[in-house]
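Peer 1: Provided below: target18.txt, containing compact mmCIF, C-alpha atoms.
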```txt
# COMPACT_ATOMS: atom_id res chain seq x y z
CA MET G 1 -62.75 -9.35 -23.32
CA THR G 2 -60.49 -11.27 -20.88
CA ALA G 3 -57.13 -10.06 -19.68
CA GLU G 4 -55.41 -12.84 -21.67
CA SER G 5 -56.87 -11.77 -25.00
CA ASP G 6 -56.46 -8.03 -24.47
CA SER G 7 -53.40 -7.05 -26.50
CA VAL G 8 -52.64 -3.88 -24.51
CA PRO G 9 -52.00 -5.51 -21.10
CA LEU G 10 -50.10 -8.34 -22.81
CA GLN G 11 -47.89 -5.81 -24.53
CA HIS G 12 -47.34 -4.01 -21.23
CA ARG G 13 -46.38 -7.22 -19.48
CA ARG G 14 -43.90 -8.03 -22.22
CA LEU G 15 -42.50 -4.51 -22.15
CA GLU G 16 -42.20 -4.70 -18.38
CA GLN G 17 -40.25 -7.97 -18.55
CA ILE G 18 -37.87 -6.49 -21.11
CA ALA G 19 -37.46 -3.27 -19.12
CA MET G 20 -36.67 -5.19 -15.93
CA THR G 21 -34.19 -7.46 -17.72
CA ALA G 22 -32.40 -4.46 -19.24
CA LEU G 23 -32.39 -2.72 -15.85
CA ARG G 24 -30.90 -5.81 -14.23
CA VAL G 25 -28.02 -5.87 -16.72
CA SER G 26 -27.47 -2.16 -16.19
CA ARG G 27 -27.59 -2.55 -12.38
CA LEU G 28 -25.15 -5.47 -12.37
CA LEU G 29 -22.75 -3.57 -14.65
CA THR G 30 -22.90 -0.55 -12.31
CA GLU G 31 -22.31 -2.75 -9.26
CA CYS G 32 -19.29 -4.26 -11.06
CA GLY G 33 -17.70 -0.81 -11.44
CA ALA G 34 -18.71 0.01 -15.03
CA ARG G 35 -19.11 3.61 -16.14
CA VAL G 36 -22.62 4.97 -16.70
CA ARG G 37 -22.09 5.01 -20.47
CA VAL G 38 -21.28 1.28 -20.45
CA ALA G 39 -24.30 0.47 -18.23
CA HIS G 40 -26.60 2.42 -20.56
CA ASP G 41 -25.11 0.86 -23.70
CA GLY G 42 -25.51 -2.61 -22.16
CA ALA G 43 -29.18 -1.93 -21.39
CA ALA G 44 -29.72 -0.53 -24.91
CA LEU G 45 -28.25 -3.68 -26.50
CA ILE G 46 -30.59 -5.87 -24.41
CA VAL G 47 -33.67 -3.77 -25.17
CA ARG G 48 -33.09 -3.68 -28.92
CA GLY G 49 -32.09 -7.35 -29.05
CA LEU G 50 -35.38 -8.26 -27.40
CA GLY G 51 -37.24 -6.35 -30.08
CA VAL G 52 -38.39 -3.07 -28.53
CA GLU G 53 -37.20 0.54 -28.56
CA LEU G 54 -35.27 2.33 -25.85
CA VAL G 55 -36.76 5.75 -25.09
CA GLY G 56 -34.31 6.69 -22.36
CA SER G 57 -32.47 5.58 -19.25
CA ARG G 58 -31.18 7.28 -16.11
CA THR G 59 -28.57 6.04 -13.69
CA GLY G 60 -28.26 7.39 -10.17
CA TYR G 61 -25.92 6.20 -7.44
CA ALA G 62 -28.62 4.16 -5.69
CA SER G 63 -31.23 3.52 -8.40
CA GLN G 64 -31.75 3.28 -12.14
CA GLU G 65 -34.70 3.92 -14.42
CA ILE G 66 -35.50 2.91 -17.96
CA THR G 67 -38.28 3.71 -20.41
CA VAL G 68 -38.96 1.35 -23.31
CA SER G 69 -41.59 1.45 -26.01
CA SER G 70 -43.18 -0.71 -28.64
CA GLY G 71 -45.62 0.93 -31.02
CA ALA G 72 -47.98 3.07 -28.98
CA ASN G 73 -47.07 1.36 -25.68
CA THR G 74 -44.47 2.87 -23.38
CA ILE G 75 -43.40 1.72 -19.93
CA THR G 76 -41.03 3.13 -17.30
CA ARG G 77 -39.51 1.02 -14.54
CA MET G 78 -37.02 1.62 -11.72
CA MET G 79 -34.60 -0.66 -9.86
CA SER G 80 -32.38 -0.15 -6.81
CA VAL G 81 -28.61 -0.42 -7.20
CA GLY G 82 -26.65 -2.34 -4.56
CA PRO G 83 -23.18 -1.64 -3.19
CA HIS G 84 -20.72 -0.39 -5.80
CA GLY G 85 -17.67 -2.59 -6.22
CA VAL G 86 -15.30 -3.75 -8.94
CA ASN G 87 -15.66 -7.17 -10.56
CA HIS G 88 -13.90 -7.26 -13.90
CA ARG G 89 -14.77 -10.81 -14.92
CA LEU G 90 -18.49 -10.46 -14.23
CA ASP G 91 -18.47 -7.04 -15.92
CA HIS G 92 -17.06 -8.49 -19.15
CA ALA G 93 -19.23 -11.61 -19.03
CA LEU G 94 -22.29 -9.32 -18.82
CA ARG G 95 -21.04 -7.22 -21.73
CA ALA G 96 -20.60 -10.39 -23.81
CA LEU G 97 -24.14 -11.46 -22.86
CA ALA G 98 -25.50 -8.05 -23.93
CA VAL G 99 -23.82 -8.49 -27.33
CA ARG G 100 -25.32 -11.98 -27.69
CA VAL G 101 -28.81 -10.74 -26.82
CA SER G 102 -28.44 -7.82 -29.24
CA LYS G 103 -28.19 -10.30 -32.13
CA GLY G 104 -31.84 -11.19 -31.48
CA ASP G 105 -31.35 -14.90 -30.78
CA MET G 106 -32.35 -14.90 -27.10
CA THR G 107 -35.63 -14.52 -25.26
CA VAL G 108 -36.22 -12.60 -22.02
CA GLU G 109 -36.36 -15.88 -20.08
CA GLU G 110 -33.10 -17.14 -21.60
CA THR G 111 -31.40 -13.82 -20.86
CA GLU G 112 -32.54 -13.90 -17.22
CA ARG G 113 -31.38 -17.51 -16.85
CA GLU G 114 -27.99 -16.66 -18.35
CA MET G 115 -27.64 -13.68 -16.00
CA ASP G 116 -28.47 -15.92 -13.02
CA ARG G 117 -25.79 -18.34 -14.19
CA LEU G 118 -23.18 -15.62 -14.68
CA VAL G 119 -23.81 -14.10 -11.25
CA LYS G 120 -23.58 -17.57 -9.65
CA GLU G 121 -20.75 -19.10 -11.66
CA THR G 122 -18.38 -16.29 -12.68
CA PRO G 123 -15.22 -17.20 -10.77
CA ARG G 124 -13.80 -15.06 -7.97
CA HIS G 125 -10.40 -15.37 -6.41
CA PRO G 126 -10.51 -16.94 -2.92
CA ALA G 127 -10.55 -14.41 -0.07
CA TRP G 128 -7.11 -15.47 1.18
CA VAL G 129 -5.60 -14.98 -2.31
CA VAL G 130 -7.15 -11.51 -2.52
CA ALA G 131 -5.84 -10.66 0.96
CA LEU G 132 -2.32 -11.81 0.07
CA ALA G 133 -2.37 -9.92 -3.25
CA VAL G 134 -3.62 -6.75 -1.57
CA GLY G 135 -0.95 -7.05 1.12
CA VAL G 136 1.75 -7.34 -1.54
CA ALA G 137 0.19 -4.42 -3.46
CA CYS G 138 0.20 -2.22 -0.34
CA ALA G 139 3.87 -3.03 0.27
CA ALA G 140 4.64 -2.24 -3.38
CA PHE G 141 2.71 1.03 -3.05
CA GLY G 142 4.78 1.72 0.03
CA ARG G 143 8.01 1.29 -1.90
CA LEU G 144 6.69 3.73 -4.53
CA LEU G 145 5.98 6.18 -1.70
CA GLY G 146 9.44 5.72 -0.21
CA ILE G 147 9.14 3.30 2.73
CA ASP G 148 12.42 1.59 3.64
CA TRP G 149 12.91 -2.17 3.37
CA ALA G 150 12.47 -2.62 7.13
CA ALA G 151 8.83 -1.47 6.78
CA PHE G 152 8.10 -3.65 3.72
CA ALA G 153 7.06 -6.85 5.56
CA PRO G 154 5.00 -5.04 8.25
CA VAL G 155 3.05 -3.15 5.54
CA LEU G 156 2.51 -6.39 3.61
CA LEU G 157 1.21 -8.15 6.72
CA ALA G 158 -0.96 -5.19 7.77
CA GLY G 159 -2.46 -4.93 4.27
CA LEU G 160 -3.13 -8.67 4.22
CA ILE G 161 -4.87 -8.66 7.62
CA GLY G 162 -6.70 -5.43 6.79
CA GLN G 163 -8.08 -6.80 3.52
CA TYR G 164 -9.21 -10.07 5.12
CA ALA G 165 -10.91 -8.18 7.96
CA ARG G 166 -12.57 -5.88 5.42
CA HIS G 167 -13.87 -8.93 3.55
CA LEU G 168 -15.37 -10.35 6.76
CA LEU G 169 -16.96 -7.05 7.83
CA LEU G 170 -18.48 -6.33 4.40
CA LYS G 171 -19.79 -9.90 4.29
CA ARG G 172 -21.58 -9.21 7.59
CA GLY G 173 -23.20 -6.14 6.03
CA VAL G 174 -21.34 -3.50 8.06
CA ASN G 175 -21.58 0.02 6.59
CA SER G 176 -18.75 0.56 4.09
CA TYR G 177 -17.67 3.92 5.59
CA ILE G 178 -17.46 2.42 9.09
CA VAL G 179 -15.45 -0.43 7.59
CA ALA G 180 -13.07 2.10 6.00
CA ALA G 181 -12.38 3.75 9.38
CA ALA G 182 -12.02 0.46 11.26
CA ILE G 183 -9.74 -1.16 8.67
CA ALA G 184 -7.58 1.96 8.30
CA PHE G 185 -7.13 1.99 12.09
CA LEU G 186 -6.31 -1.73 12.21
CA ALA G 187 -3.92 -1.72 9.23
CA ALA G 188 -2.16 1.51 10.20
CA ALA G 189 -1.72 0.40 13.83
CA LEU G 190 -0.32 -2.98 12.76
CA ALA G 191 1.98 -1.45 10.14
CA GLY G 192 3.17 1.29 12.51
CA LEU G 193 3.85 -1.17 15.32
CA GLY G 194 5.57 -3.64 13.00
CA ALA G 195 7.68 -0.94 11.35
CA ARG G 196 8.74 0.38 14.75
CA LEU G 197 9.74 -3.09 15.94
CA ALA G 198 11.63 -3.68 12.68
CA GLY G 199 13.61 -0.47 13.19
CA SER G 200 12.14 1.39 10.23
CA ALA G 201 12.82 5.09 9.79
CA THR G 202 9.61 5.55 7.75
CA ILE G 203 6.88 4.66 10.23
CA ASN G 204 4.50 7.43 9.06
CA LEU G 205 4.73 6.34 5.45
CA ALA G 206 4.32 2.69 6.42
CA MET G 207 1.09 3.52 8.26
CA MET G 208 -0.21 5.46 5.27
CA ALA G 209 0.82 2.73 2.80
CA SER G 210 -0.99 0.04 4.79
CA MET G 211 -4.37 1.75 4.33
CA LEU G 212 -4.01 2.32 0.58
CA LEU G 213 -6.11 -0.79 0.03
CA LEU G 214 -9.07 1.46 0.96
CA VAL G 215 -8.37 4.18 -1.61
CA PRO G 216 -11.23 3.98 -4.12
CA GLY G 217 -9.11 4.44 -7.23
CA VAL G 218 -11.63 3.06 -9.74
CA PRO G 219 -14.55 5.21 -8.51
CA ALA G 220 -12.22 8.24 -8.43
CA THR G 221 -11.36 7.90 -12.13
CA ASN G 222 -14.90 6.76 -13.06
CA ALA G 223 -16.24 9.94 -11.42
CA GLN G 224 -14.31 12.03 -13.86
CA THR G 225 -15.06 9.81 -16.85
CA ASP G 226 -18.79 9.92 -16.08
CA ILE G 227 -18.70 13.72 -16.01
CA ILE G 228 -16.75 13.79 -19.29
CA ASP G 229 -19.31 11.36 -20.79
CA GLY G 230 -22.16 13.72 -19.84
CA PHE G 231 -23.34 12.20 -16.55
CA PRO G 232 -22.36 14.82 -13.96
CA THR G 233 -24.90 13.65 -11.38
CA MET G 234 -23.39 10.19 -11.09
CA GLY G 235 -19.87 11.60 -11.43
CA SER G 236 -20.49 13.98 -8.52
CA ALA G 237 -22.03 11.23 -6.41
CA ARG G 238 -19.00 9.02 -7.01
CA ALA G 239 -16.64 11.88 -6.13
CA VAL G 240 -18.49 12.56 -2.88
CA SER G 241 -18.37 8.88 -1.95
CA VAL G 242 -14.60 8.84 -2.64
CA ILE G 243 -14.11 11.86 -0.35
CA MET G 244 -16.24 10.25 2.37
CA VAL G 245 -14.25 7.00 2.23
CA MET G 246 -10.98 8.95 2.46
CA VAL G 247 -12.22 11.05 5.41
CA PHE G 248 -13.26 7.91 7.31
CA ALA G 249 -10.04 6.06 6.40
CA THR G 250 -7.87 9.00 7.42
CA THR G 251 -9.72 9.19 10.73
CA GLY G 252 -8.70 5.58 11.31
CA VAL G 253 -5.05 6.40 10.55
CA TRP G 254 -5.23 9.47 12.81
CA LEU G 255 -6.50 7.35 15.70
CA ALA G 256 -3.74 4.78 15.07
CA GLU G 257 -1.17 7.59 15.13
CA ILE G 258 -2.51 8.80 18.49
CA LEU G 259 -2.43 5.22 19.83
CA LEU G 260 1.19 4.72 18.79
CA GLY G 261 2.27 8.25 19.63
CA VAL G 262 3.38 8.89 16.06
CA GLN G 263 3.45 12.52 14.89
CA MET T 1 19.26 8.80 -15.80
CA ASP T 2 19.05 6.50 -12.76
CA TRP T 3 18.16 3.19 -14.44
CA LEU T 4 17.99 1.35 -11.13
CA HIS T 5 15.39 3.81 -9.82
CA LEU T 6 13.43 3.50 -13.07
CA LEU T 7 13.50 -0.31 -12.82
CA HIS T 8 12.48 -0.14 -9.15
CA GLN T 9 9.48 2.10 -9.89
CA ALA T 10 8.38 0.01 -12.90
CA CYS T 11 8.67 -3.27 -10.96
CA PHE T 12 6.72 -2.04 -7.95
CA GLY T 13 4.19 -0.33 -10.22
CA ALA T 14 3.62 -3.69 -11.91
CA ILE T 15 3.26 -5.51 -8.57
CA ALA T 16 0.84 -2.91 -7.21
CA ALA T 17 -1.29 -2.94 -10.38
CA ALA T 18 -1.43 -6.75 -10.52
CA GLY T 19 -2.16 -6.96 -6.77
CA PHE T 20 -5.10 -4.62 -7.11
CA GLY T 21 -6.09 -6.51 -10.27
CA VAL T 22 -6.71 -9.54 -8.03
CA LEU T 23 -8.96 -7.40 -5.81
CA PHE T 24 -10.82 -6.24 -8.95
CA ASN T 25 -11.26 -9.91 -9.98
CA PHE T 26 -9.23 -9.87 -13.18
CA GLY T 27 -8.48 -13.33 -14.63
CA LEU T 28 -4.93 -14.72 -14.49
CA ARG T 29 -4.07 -13.76 -18.08
CA SER T 30 -5.44 -10.26 -17.59
CA LEU T 31 -3.41 -9.86 -14.40
CA VAL T 32 -0.23 -10.17 -16.44
CA TRP T 33 -1.44 -7.34 -18.68
CA CYS T 34 -2.40 -5.27 -15.60
CA GLY T 35 1.18 -5.69 -14.41
CA VAL T 36 2.56 -4.64 -17.81
CA ALA T 37 0.26 -1.59 -17.81
CA GLY T 38 1.38 -0.69 -14.27
CA ALA T 39 5.05 -1.02 -15.18
CA LEU T 40 4.56 1.15 -18.29
CA ALA T 41 2.63 3.82 -16.38
CA LEU T 42 5.18 4.06 -13.56
CA ALA T 43 8.12 4.00 -15.98
CA VAL T 44 6.69 6.91 -17.98
CA ARG T 45 5.82 8.85 -14.83
CA THR T 46 9.32 8.31 -13.43
CA LEU T 47 10.94 9.39 -16.70
CA GLY T 48 8.79 12.52 -16.70
CA GLN T 49 9.64 13.39 -13.10
CA ASP T 50 13.35 12.73 -13.75
CA ALA T 51 13.07 15.18 -16.66
CA GLY T 52 11.84 17.84 -14.22
CA TRP T 53 8.11 17.60 -14.92
CA SER T 54 5.59 18.05 -12.11
CA LEU T 55 3.86 14.97 -10.68
CA GLU T 56 0.64 16.03 -12.41
CA ALA T 57 2.23 16.42 -15.86
CA ALA T 58 4.14 13.15 -15.52
CA SER T 59 0.97 11.33 -14.38
CA PHE T 60 -0.94 12.74 -17.36
CA ALA T 61 1.76 11.57 -19.79
CA ALA T 62 1.80 8.13 -18.13
CA ALA T 63 -2.00 7.77 -18.35
CA VAL T 64 -2.07 8.88 -22.02
CA THR T 65 0.73 6.45 -22.88
CA THR T 66 -0.98 3.56 -21.10
CA SER T 67 -4.33 4.33 -22.71
CA CYS T 68 -2.74 4.52 -26.18
CA ALA T 69 -0.76 1.32 -25.58
CA VAL T 70 -3.88 -0.74 -24.80
CA ARG T 71 -5.40 0.56 -28.03
CA LEU T 72 -2.35 -0.55 -30.00
CA LEU T 73 -2.69 -3.94 -28.32
CA ARG T 74 -6.44 -4.27 -28.89
CA GLU T 75 -5.97 -7.60 -30.72
CA PRO T 76 -4.84 -9.59 -27.65
CA LEU T 77 -6.63 -7.43 -25.07
CA GLY T 78 -10.03 -6.98 -26.76
CA ALA T 79 -12.69 -4.88 -25.08
CA ALA T 80 -10.99 -5.36 -21.68
CA GLY T 81 -8.17 -3.00 -22.66
CA ASN T 82 -9.76 0.05 -21.01
CA ALA T 83 -10.06 -1.77 -17.70
CA MET T 84 -6.42 -2.86 -17.88
CA ALA T 85 -5.25 0.68 -18.60
CA LEU T 86 -7.23 1.84 -15.56
CA ALA T 87 -5.74 -0.92 -13.40
CA GLY T 88 -2.28 0.07 -14.60
CA CYS T 89 -2.88 3.66 -13.51
CA ILE T 90 -4.19 2.73 -10.04
CA PRO T 91 -0.66 2.84 -8.49
CA MET T 92 -0.50 6.51 -9.54
CA VAL T 93 -3.67 7.49 -7.65
CA PRO T 94 -2.30 9.74 -4.88
CA GLY T 95 -4.18 8.18 -1.96
CA ALA T 96 -1.31 8.83 0.45
CA PHE T 97 -1.29 12.55 -0.42
CA PHE T 98 -5.03 12.65 0.19
CA GLY T 99 -4.55 11.05 3.60
CA GLN T 100 -1.73 13.41 4.52
CA ALA T 101 -3.79 16.42 3.42
CA LEU T 102 -6.68 15.35 5.63
CA LEU T 103 -4.34 14.64 8.57
CA GLY T 104 -2.97 18.16 8.10
CA MET T 105 -6.49 19.58 8.24
CA PHE T 106 -7.23 17.58 11.38
CA ALA T 107 -4.06 19.03 12.94
CA VAL T 108 -5.05 22.61 12.07
CA THR T 109 -8.45 22.22 13.75
CA ALA T 110 -6.91 20.93 17.00
CA PRO T 111 -7.50 23.21 20.06
CA HIS T 112 -3.88 24.41 20.24
CA ALA T 113 -2.52 23.85 16.75
CA ALA T 114 1.24 24.29 16.45
CA ASN T 115 2.60 25.83 13.22
CA ALA T 116 -0.93 26.22 11.89
CA ASP T 117 0.14 28.39 8.94
CA ALA T 118 2.74 25.93 7.72
CA THR T 119 0.41 22.97 8.31
CA ILE T 120 -2.51 24.47 6.40
CA LEU T 121 -0.18 25.41 3.55
CA MET T 122 1.11 21.85 3.40
CA ALA T 123 -2.43 20.43 3.55
CA MET T 124 -3.56 22.77 0.76
CA GLU T 125 -0.58 21.79 -1.36
CA TYR T 126 -1.36 18.09 -0.88
CA ILE T 127 -5.07 18.48 -1.61
CA LEU T 128 -4.35 20.48 -4.78
CA ARG T 129 -1.87 17.83 -5.89
CA VAL T 130 -4.51 15.14 -5.30
CA ILE T 131 -7.13 17.02 -7.33
CA PHE T 132 -4.79 17.81 -10.21
CA THR T 133 -3.19 14.36 -10.27
CA VAL T 134 -6.51 12.48 -10.24
CA ALA T 135 -7.75 14.87 -12.95
CA ALA T 136 -4.58 14.24 -14.96
CA ILE T 137 -4.99 10.47 -14.71
CA GLY T 138 -8.70 10.59 -15.59
CA ALA T 139 -8.14 12.94 -18.53
CA GLY T 140 -5.11 10.98 -19.70
CA LEU T 141 -7.15 7.78 -19.82
CA ALA T 142 -10.24 9.39 -21.33
CA ILE T 143 -8.74 11.49 -24.13
CA PRO T 144 -7.29 8.62 -26.22
CA ALA T 145 -10.43 6.57 -25.52
CA HIS T 146 -12.59 9.33 -27.01
CA LEU T 147 -10.28 10.18 -29.92
CA LEU T 148 -9.45 6.58 -30.91
CA ARG T 149 -12.86 5.07 -30.36
CA THR T 150 -12.63 1.33 -29.76
CA ARG T 151 -15.40 -1.13 -29.02
CA GLU T 152 -16.51 -1.24 -25.38
CA PHE T 153 -18.47 -4.47 -25.79
```
Could you write out this file's structure as structure tokens?
Peer 2:
Amino acid sequence: MTAESDSVPLQHRRLEQIAMTALRVSRLLTECGARVRVAHDGAALIVRGLGVELVGSRTGYASQEITVSSGANTITRMMSVGPHGVNHRLDHALRALAVRVSKGDMTVEETEREMDRLVKETPRHPAWVVALAVGVACAAFGRLLGIDWAAFAPVLLAGLIGQYARHLLLKRGVNSYIVAAAIAFLAAALAGLGARLAGSATINLAMMASMLLLVPGVPATNAQTDIIDGFPTMGSARAVSVIMVMVFATTGVWLAEILLGVQ
Amino acid sequence: MDWLHLLHQACFGAIAAAGFGVLFNFGLRSLVWCGVAGALALAVRTLGQDAGWSLEAASFAAAVTTSCAVRLLREPLGAAGNAMALAGCIPMVPGAFFGQALLGMFAVTAPHAANADATILMAMEYILRVIFTVAAIGAGLAIPAHLLRTREF
């Protein structure tokens, strides 16, 4: 009997393709900031739409596993998860794809091609637009915290420069915690200096507001939601990563305060 | 009731939520809804605090209101409603408190810490406020989502 005519290896190859496709959807959803429940549901829709059964799936912070079965054949596969971010449009395009696949009209190859297209073609705002928006958001945050109007423009400018520098550093593959410390230092120093020159009476708050672009708000709430949904491992991992980012970012602000002699 | 303060908080809540919506790659139409969610969340939180509630209680009420509102508006928002409610609540995440708490802890561990008792008390107060406020926001968003189950896909 040749390998081509043996039904067992053929079934395993097919199961493997389906498992890897489902894992890819789940991984991309996780990297886009989706909760574990959403990533698992997305993978389940893909698996069932491609005609096999989902036995179980597990999502960790850095890797995911899935087990699928068809008849007597069962296969388990694992895939690494890349850096966690937030990408709303890709997230929802992937969810829509999972729904389409679940209707049973798409093959594994078509699903993979569509995923390639979504990853490549889902629009992103230009980096300068993101930097400007984040700068404005930091200044708005500052007003909510109580900065005076004199500090508004310095915080906006510091947030803008900080976000653009973060974009460049992350693009170069610099460790995200190191980036948090460096950007917090840069943004807080710029905001503190600018606020001082503008005659602000809220220099401390301005320095703190300028680094709020680094606060991982989505992971912080996702951590809790994951625990509520029954995934405490991922929830705890997210919470620890949030604390780590904040420790590094605060270290950057602390160094900026020493540099500017701000107490 | 200080209407000017309420308007100020709602406006800057909307700007902050929409600004971070750009970072999270929301589309243009969704950004408007992020702004509306941010304005609603900050307005409710401000009303609560003006009524004498703690920051944590006011943040919880704001998150519940925002989460319920996106469910009422599920026709125009679709499955993206949850994400918009979350974006709207981002301006309430107490990142500055977290930073100040950590700076306080750094100060306490300095070789010759001045006013260490007062500083550690302040740092503890900030860290507890961070924990309770983030918990309030997370629970406020999650409870309506679990009780009024809407499609996620």
Peer 1: In terms of the shortest atom-to-atom distance over all atoms listed in the file, which of G:Ile161, G:Val108, G:Asp226, G:Glu16 is closest to Ala39 (chain G)?
Peer 2: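 Using all atoms listed in the file, Ala39 (chain G) sits closest to G:Asp226.
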Peer 1: Work out how far CA of Glu109 (chain G) is from CA of Glu53 (chain G), in Å to one decimal.
Peer 2: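 Answer for the CA of Glu53 (chain G) to CA of Glu109 (chain G) separation: 18.5 Å.
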Peer 1: List every residue of chain T that has an atom at most 9 Å from any atom of chain G, giving for each one its closest atom pair and the distance in Å to one decimal, counting only C-alpha atoms, sorted by chain and then by ascending residue number, as JSON lines.
Peer 2:
```
{"residue": "T:His8", "atom": "CA", "partner": "G:Leu144", "partner_atom": "CA", "distance": 8.4}
{"residue": "T:Gln9", "atom": "CA", "partner": "G:Leu144", "partner_atom": "CA", "distance": 6.3}
{"residue": "T:Cys11", "atom": "CA", "partner": "G:Ala140", "partner_atom": "CA", "distance": 8.6}
{"residue": "T:Phe12", "atom": "CA", "partner": "G:Ala140", "partner_atom": "CA", "distance": 5.0}
{"residue": "T:Gly13", "atom": "CA", "partner": "G:Ala140", "partner_atom": "CA", "distance": 7.1}
{"residue": "T:Ala14", "atom": "CA", "partner": "G:Ala140", "partner_atom": "CA", "distance": 8.7}
{"residue": "T:Ile15", "atom": "CA", "partner": "G:Ala137", "partner_atom": "CA", "distance": 6.1}
{"residue": "T:Ala16", "atom": "CA", "partner": "G:Ala137", "partner_atom": "CA", "distance": 4.1}
{"residue": "T:Ala17", "atom": "CA", "partner": "G:Ala137", "partner_atom": "CA", "distance": 7.2}
{"residue": "T:Ala18", "atom": "CA", "partner": "G:Ala137", "partner_atom": "CA", "distance": 7.6}
{"residue": "T:Gly19", "atom": "CA", "partner": "G:Ala133", "partner_atom": "CA", "distance": 4.6}
{"residue": "T:Phe20", "atom": "CA", "partner": "G:Val134", "partner_atom": "CA", "distance": 6.1}
{"residue": "T:Gly21", "atom": "CA", "partner": "G:His88", "partner_atom": "CA", "distance": 8.6}
{"residue": "T:Val22", "atom": "CA", "partner": "G:Val130", "partner_atom": "CA", "distance": 5.9}
{"residue": "T:Leu23", "atom": "CA", "partner": "G:Val130", "partner_atom": "CA", "distance": 5.6}
{"residue": "T:Phe24", "atom": "CA", "partner": "G:Val86", "partner_atom": "CA", "distance": 5.1}
{"residue": "T:Asn25", "atom": "CA", "partner": "G:Asn87", "partner_atom": "CA", "distance": 5.2}
{"residue": "T:Phe26", "atom": "CA", "partner": "G:His88", "partner_atom": "CA", "distance": 5.4}
{"residue": "T:Gly27", "atom": "CA", "partner": "G:Arg89", "partner_atom": "CA", "distance": 6.8}
{"residue": "T:Ala79", "atom": "CA", "partner": "G:His92", "partner_atom": "CA", "distance": 8.2}
{"residue": "T:Ala80", "atom": "CA", "partner": "G:His92", "partner_atom": "CA", "distance": 7.3}
{"residue": "T:Ala83", "atom": "CA", "partner": "G:His88", "partner_atom": "CA", "distance": 7.7}
{"residue": "T:Leu86", "atom": "CA", "partner": "G:Val218", "partner_atom": "CA", "distance": 7.4}
{"residue": "T:Ala87", "atom": "CA", "partner": "G:Val218", "partner_atom": "CA", "distance": 8.0}
{"residue": "T:Cys89", "atom": "CA", "partner": "G:Gly217", "partner_atom": "CA", "distance": 8.9}
{"residue": "T:Ile90", "atom": "CA", "partner": "G:Gly217", "partner_atom": "CA", "distance": 5.9}
{"residue": "T:Pro91", "atom": "CA", "partner": "G:Phe141", "partner_atom": "CA", "distance": 6.7}
{"residue": "T:Val93", "atom": "CA", "partner": "G:Gly217", "partner_atom": "CA", "distance": 6.3}
{"residue": "T:Pro94", "atom": "CA", "partner": "G:Val215", "partner_atom": "CA", "distance": 8.9}
{"residue": "T:Gly95", "atom": "CA", "partner": "G:Val215", "partner_atom": "CA", "distance": 5.8}
{"residue": "T:Ala96", "atom": "CA", "partner": "G:Met208", "partner_atom": "CA", "distance": 6.0}
{"residue": "T:Phe98", "atom": "CA", "partner": "G:Met246", "partner_atom": "CA", "distance": 7.4}
{"residue": "T:Gly99", "atom": "CA", "partner": "G:Thr250", "partner_atom": "CA", "distance": 5.5}
{"residue": "T:Gln100", "atom": "CA", "partner": "G:Thr250", "partner_atom": "CA", "distance": 8.1}
{"residue": "T:Leu102", "atom": "CA", "partner": "G:Thr250", "partner_atom": "CA", "distance": 6.7}
{"residue": "T:Leu103", "atom": "CA", "partner": "G:Trp254", "partner_atom": "CA", "distance": 6.7}
{"residue": "T:Phe106", "atom": "CA", "partner": "G:Trp254", "partner_atom": "CA", "distance": 8.5}
{"residue": "T:Val134", "atom": "CA", "partner": "G:Thr221", "partner_atom": "CA", "distance": 6.9}
{"residue": "T:Ala135", "atom": "CA", "partner": "G:Gln224", "partner_atom": "CA", "distance": 7.2}
{"residue": "T:Ile137", "atom": "CA", "partner": "G:Thr221", "partner_atom": "CA", "distance": 7.3}
{"residue": "T:Gly138", "atom": "CA", "partner": "G:Thr221", "partner_atom": "CA", "distance": 5.1}
{"residue": "T:Ala139", "atom": "CA", "partner": "G:Thr225", "partner_atom": "CA", "distance": 7.8}
{"residue": "T:Leu141", "atom": "CA", "partner": "G:Thr225", "partner_atom": "CA", "distance": 8.7}
{"residue": "T:Ala142", "atom": "CA", "partner": "G:Thr225", "partner_atom": "CA", "distance": 6.6}
{"residue": "T:Glu152", "atom": "CA", "partner": "G:Val38", "partner_atom": "CA", "distance": 7.3}
{"residue": "T:Phe153", "atom": "CA", "partner": "G:Arg95", "partner_atom": "CA", "distance": 5.5}
```
Peer 1: Please compute the CA of Arg196 (chain G)-CA of Gly159 (chain G) distance, one decimal, in Å.
Peer 2: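 So the answer is 16.2 Å.
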Peer 1: Please measure the separation of CA of Leu15 (chain G) and CA of Pro232 (chain G), giving the value in Å to one decimal.
Peer 2: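 Here the two named atoms are 29.1 Å from each other.
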Peer 1: Considering all atoms listed in the file, return as a ChimeraX atom specification whatever protein or nucleic-acid residues lie within 12 Å of Asp117 (chain T), sequence-local ones (same chain, fewer than 3 positions apart) excluded.
Peer 2: /T:104-105,107-109,113-114,120-124
Peer 1: Might you pull out every residue within 8 Å of Ser67 (chain T), with all atoms listed in the file counted and same-chain residues fewer than 5 positions away left off, and present them as a list in words?
Peer 2: Asn82, Ala85, Gly140, Leu141, Ala142, Pro144 and Ala145 of chain T
